[in-house]
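K.L.:
Quick one: this structure, given as structure tokens, is what I'll be asking you about.
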Amino acid sequence: MDFKLKVPASMSNLGAGFDTFGLAVNLYNIFHVKSSNTFFISFEDLDIKPEENLFLKVYKRCLEAFKEKEIPVDITIKTEIPFSRGLGSSSSAIIGAIKIFDILYKKGLSYDDIFKIAYEFEPHPDNLVPALVGGFNVCLKDDNQTFFNKLDFPKELKILAIIPDVKISTEEARKILPQKIDIKDAVYNIQRSNLLLSSLISKRFELLKEAVKDKIHQPYRKSLIPYYDDIENIAYDNGALAVFISGSGSTIGVFTLRNECLICKRASLFLSAKNIKSSCKILSVDREGAKICQS
């Protein structure tokens, strides 16, 4: 036995689509599974304690839920998705663990089976769904039932991830949000989330700047991201079509048709001048989701 499983990163929310929109992108956690004499999990590029290993927790939960004994395998994990940056690293680990369990034990798990376990560790489908099926998804969870619709995402749109070296936990980013919102703000978001969908479908890209505006989470979460407004202005001044917080941050997502290298360069130079390390990645949509690759 020798195979690899790739599970993509994801950008969620995309502005006004709070807890609803999820976009899989071509950054991956890669899980290399080989036959072994003992059960062993390691990271290629990280030192993570067993009690902090989310993949291990989910995998052991699968063993418990299905009353299976440990198969001796060696699993090496290569992480391309940075932790606590709003790019779905946790969802990638969760889906990776469940899919590998499914493959090893030949369970033939349905989407509902997968989500049932996944929700014990991550309650938000807007990251889990893209990690599992890839592409651009409209998602919702209701009484543990998951509904999602995978839509075409325009191939001509370039996707940038401006990633400051700042960790933001989902829990921290949730606490900062208001417990109640004004109905005007709810309507504001409903209008713009629908505008985003129609803009992408009809390729009216000039509408995207308005469509990613939001009053439910971004005005609060941007306070956790150093110089968010400045980065947003730099991106728009250099031709960006849309700028938004990816997930709970700190990654800043950008959609553009042009100047992707220039936007990355100027955002990185600005943050460097403020003594903030960062990286900028030019990405594309992963349209397949969790996928086996033979070694």
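By order in the structure tokens, chains are A, B, ...; within a chain, residues start at 1; ligands start at 1, following the order shown.
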Could you give me, as a Markdown table, a per-residue list for region 84-145 of chain A showing, wherever an atom lies at most 12 Å from an atom of region 194-217 of chain A, the closest pair of atoms and their distance in Å to one decimal, using only C-alpha atoms and sorting by chain then residue number from low to high?
P.N.:
| residue | atom | partner | partner_atom | distance |
| --- | --- | --- | --- | --- |
| A:Phe136 | CA | A:Leu197 | CA | 10.3 |
| A:Asn137 | CA | A:Leu197 | CA | 10.4 |
| A:Val138 | CA | A:Leu197 | CA | 9.3 |
K.L.:
Based on the selection just made, write N, CA and C atoms of those residues as a PDB file, in the first residue's frame.
P.N.:
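So the final result, stored in part_25.pdb, reads:
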ATOM      1  N   PHE A 136     -16.250  26.094  -6.254  1.00  0.00           N
ATOM      2  CA  PHE A 136     -16.953  27.184  -5.571  1.00  0.00           C
ATOM      3  C   PHE A 136     -18.317  26.677  -5.123  1.00  0.00           C
ATOM      4  N   ASN A 137     -18.585  26.778  -3.834  1.00  0.00           N
ATOM      5  CA  ASN A 137     -19.790  26.185  -3.261  1.00  0.00           C
ATOM      6  C   ASN A 137     -20.594  27.183  -2.446  1.00  0.00           C
ATOM      7  N   VAL A 138     -21.909  27.059  -2.568  1.00  0.00           N
ATOM      8  CA  VAL A 138     -22.844  27.730  -1.682  1.00  0.00           C
ATOM      9  C   VAL A 138     -23.313  26.656  -0.697  1.00  0.00           C
TER      10      VAL A 138
END
K.L.:
According to DSSP computed on the backbone, where in region 44-83 of chain A is there helix (DSSP H, G or I)? Give the residues as a short mmCIF file (atom, residue, chain, number, x, y, z; two decimals) with C-alpha atoms, in the first residue's frame.
P.N.:
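Result file is part-v7.cif:
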data_model
loop_
_atom_site.label_atom_id
_atom_site.label_comp_id
_atom_site.auth_asym_id
_atom_site.auth_seq_id
_atom_site.Cartn_x
_atom_site.Cartn_y
_atom_site.Cartn_z
CA PRO A 50 -0.02 14.36 19.65
CA GLU A 51 -2.52 16.27 21.80
CA GLU A 52 -2.41 19.14 19.26
CA LEU A 54 -6.10 17.50 14.72
CA PHE A 55 -5.62 14.86 12.03
CA LEU A 56 -4.85 12.24 14.69
CA LYS A 57 -7.85 13.25 16.81
CA VAL A 58 -10.24 12.92 13.86
CA TYR A 59 -8.72 9.64 12.68
CA LYS A 60 -9.02 8.11 16.16
CA ARG A 61 -12.61 9.35 16.36
CA CYS A 62 -13.33 7.47 13.13
CA LEU A 63 -11.86 4.29 14.63
CA GLU A 64 -14.04 4.75 17.69
CA ALA A 65 -17.21 5.61 15.78
#
K.L.:
Using 9 Å as the limit and counting only C-alpha atoms, can you tabulate each residue of region 4-42 of chain A that touches region 74-87 of chain A, with its shortest atom-to-atom distance in Å and the two atoms involved, as a Markdown table?
P.N.:
| residue | atom | partner | partner_atom | distance |
| --- | --- | --- | --- | --- |
| A:Pro8 | CA | A:Ile81 | CA | 8.3 |
| A:Ala9 | CA | A:Leu87 | CA | 5.6 |
| A:Ser10 | CA | A:Leu87 | CA | 5.1 |
| A:Met11 | CA | A:Leu87 | CA | 5.4 |
| A:Ser12 | CA | A:Leu87 | CA | 7.7 |
| A:Val25 | CA | A:Leu87 | CA | 8.9 |
| A:Leu27 | CA | A:Glu80 | CA | 5.9 |
| A:Tyr28 | CA | A:Glu80 | CA | 5.3 |
| A:Asn29 | CA | A:Thr79 | CA | 4.6 |
| A:Ile30 | CA | A:Lys78 | CA | 5.1 |
| A:Phe31 | CA | A:Ile77 | CA | 4.7 |
| A:His32 | CA | A:Thr76 | CA | 5.1 |
| A:Val33 | CA | A:Ile75 | CA | 4.6 |
| A:Lys34 | CA | A:Asp74 | CA | 5.2 |
| A:Ser35 | CA | A:Asp74 | CA | 6.2 |
| A:Ser36 | CA | A:Asp74 | CA | 5.6 |
| A:Asn37 | CA | A:Asp74 | CA | 8.4 |
| A:Thr38 | CA | A:Asp74 | CA | 7.2 |
| A:Phe39 | CA | A:Asp74 | CA | 5.8 |
| A:Phe40 | CA | A:Asp74 | CA | 4.9 |
| A:Ile41 | CA | A:Ile75 | CA | 4.8 |
| A:Ser42 | CA | A:Thr76 | CA | 5.0 |
K.L.:
Sorted by chain and rising residue number, list the residues of region 144-228 of chain A at most 10 Å from region 257-273 of chain A (counting only C-alpha atoms), each with its closest atom pair and distance in Å to one decimal, as a tab-separated table.
P.N.:
residue	atom	partner	partner_atom	distance
A:Glu156	CA	A:Leu257	CA	6.7
A:Leu157	CA	A:Leu257	CA	5.4
A:Lys158	CA	A:Leu257	CA	5.9
A:Ile159	CA	A:Glu260	CA	8.3
A:Leu160	CA	A:Glu260	CA	7.2
A:Ala161	CA	A:Cys264	CA	8.6
A:Ile162	CA	A:Cys264	CA	7.1
A:Ile163	CA	A:Ser268	CA	9.1
A:Pro164	CA	A:Leu271	CA	7.9
A:Asp165	CA	A:Leu271	CA	9.9
A:Phe205	CA	A:Leu257	CA	9.0
A:Pro226	CA	A:Leu271	CA	8.6
A:Tyr227	CA	A:Leu271	CA	7.9
K.L.:
Just how far from CA of Gly22 (chain A) is CA of Asp112 (chain A), in Å to one decimal?
P.N.:
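These two atoms are separated by 18.0 Å.
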K.L.:
Taking 5 positions as the minimum chain separation for residues in the same chain, which residues sit within 10 Å of region 219-223 of chain A when counting only C-alpha atoms? Answer as a PyMOL selection string.
P.N.:
chain A and resi 168+172-178+213-214+228-229+244-245+247-250+252
K.L.:
Name the residues of region 62-166 of chain A that come out as strand (DSSP E) in a backbone DSSP run; write them as number ranges by chain.
P.N.:
A: 73-79, 136-142, 145-151, 158-164
K.L.:
Let me make sure I understand: among A:Leu241, A:Ser110, A:Thr20, A:Phe153, which one has the smallest atom-to-atom distance to Ser284 (chain A) if we use only C-alpha atoms?
P.N.:
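Using only C-alpha atoms, the shortest distance to Ser284 (chain A) belongs to A:Phe153.
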K.L.:
Do a neighbour search on Lys99 (chain A) at 9 Å with only C-alpha atoms, toss out local chain neighbours closer than 5 positions, and write the hits as a list in words.
P.N.:
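Residues near the query, excluding close chain neighbours: Leu5, Ile94, Leu104, Leu109, Ile114, Leu132 and Ala290 of chain A.
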K.L.:
Can you measure CA of Asn53 (chain A) to CA of Lys167 (chain A) for me? One decimal in Å is fine.
P.N.:
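Interatomic distance here is 17.4 Å.
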K.L.:
Could you check how far CA of Phe115 (chain A) sits from CA of Phe147 (chain A), in Å to one decimal?
P.N.:
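These two atoms are separated by 10.9 Å.
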K.L.:
Identify which of the residues A:Glu232, A:Tyr111, A:Ala240, A:Leu23 lies closest to Lys150 (chain A), counting only C-alpha atoms when measuring atom-to-atom distances.
P.N.:
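Among the listed residues, the smallest separation from Lys150 (chain A) belongs to A:Leu23.
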K.L.:
So that I can check the surroundings of Glu288 (chain A), please list as a count of residues only every protein, DNA and RNA residue that reaches within 8 Å of it, counting only C-alpha atoms and ignoring chain neighbours fewer than 3 positions away.
P.N.:
4
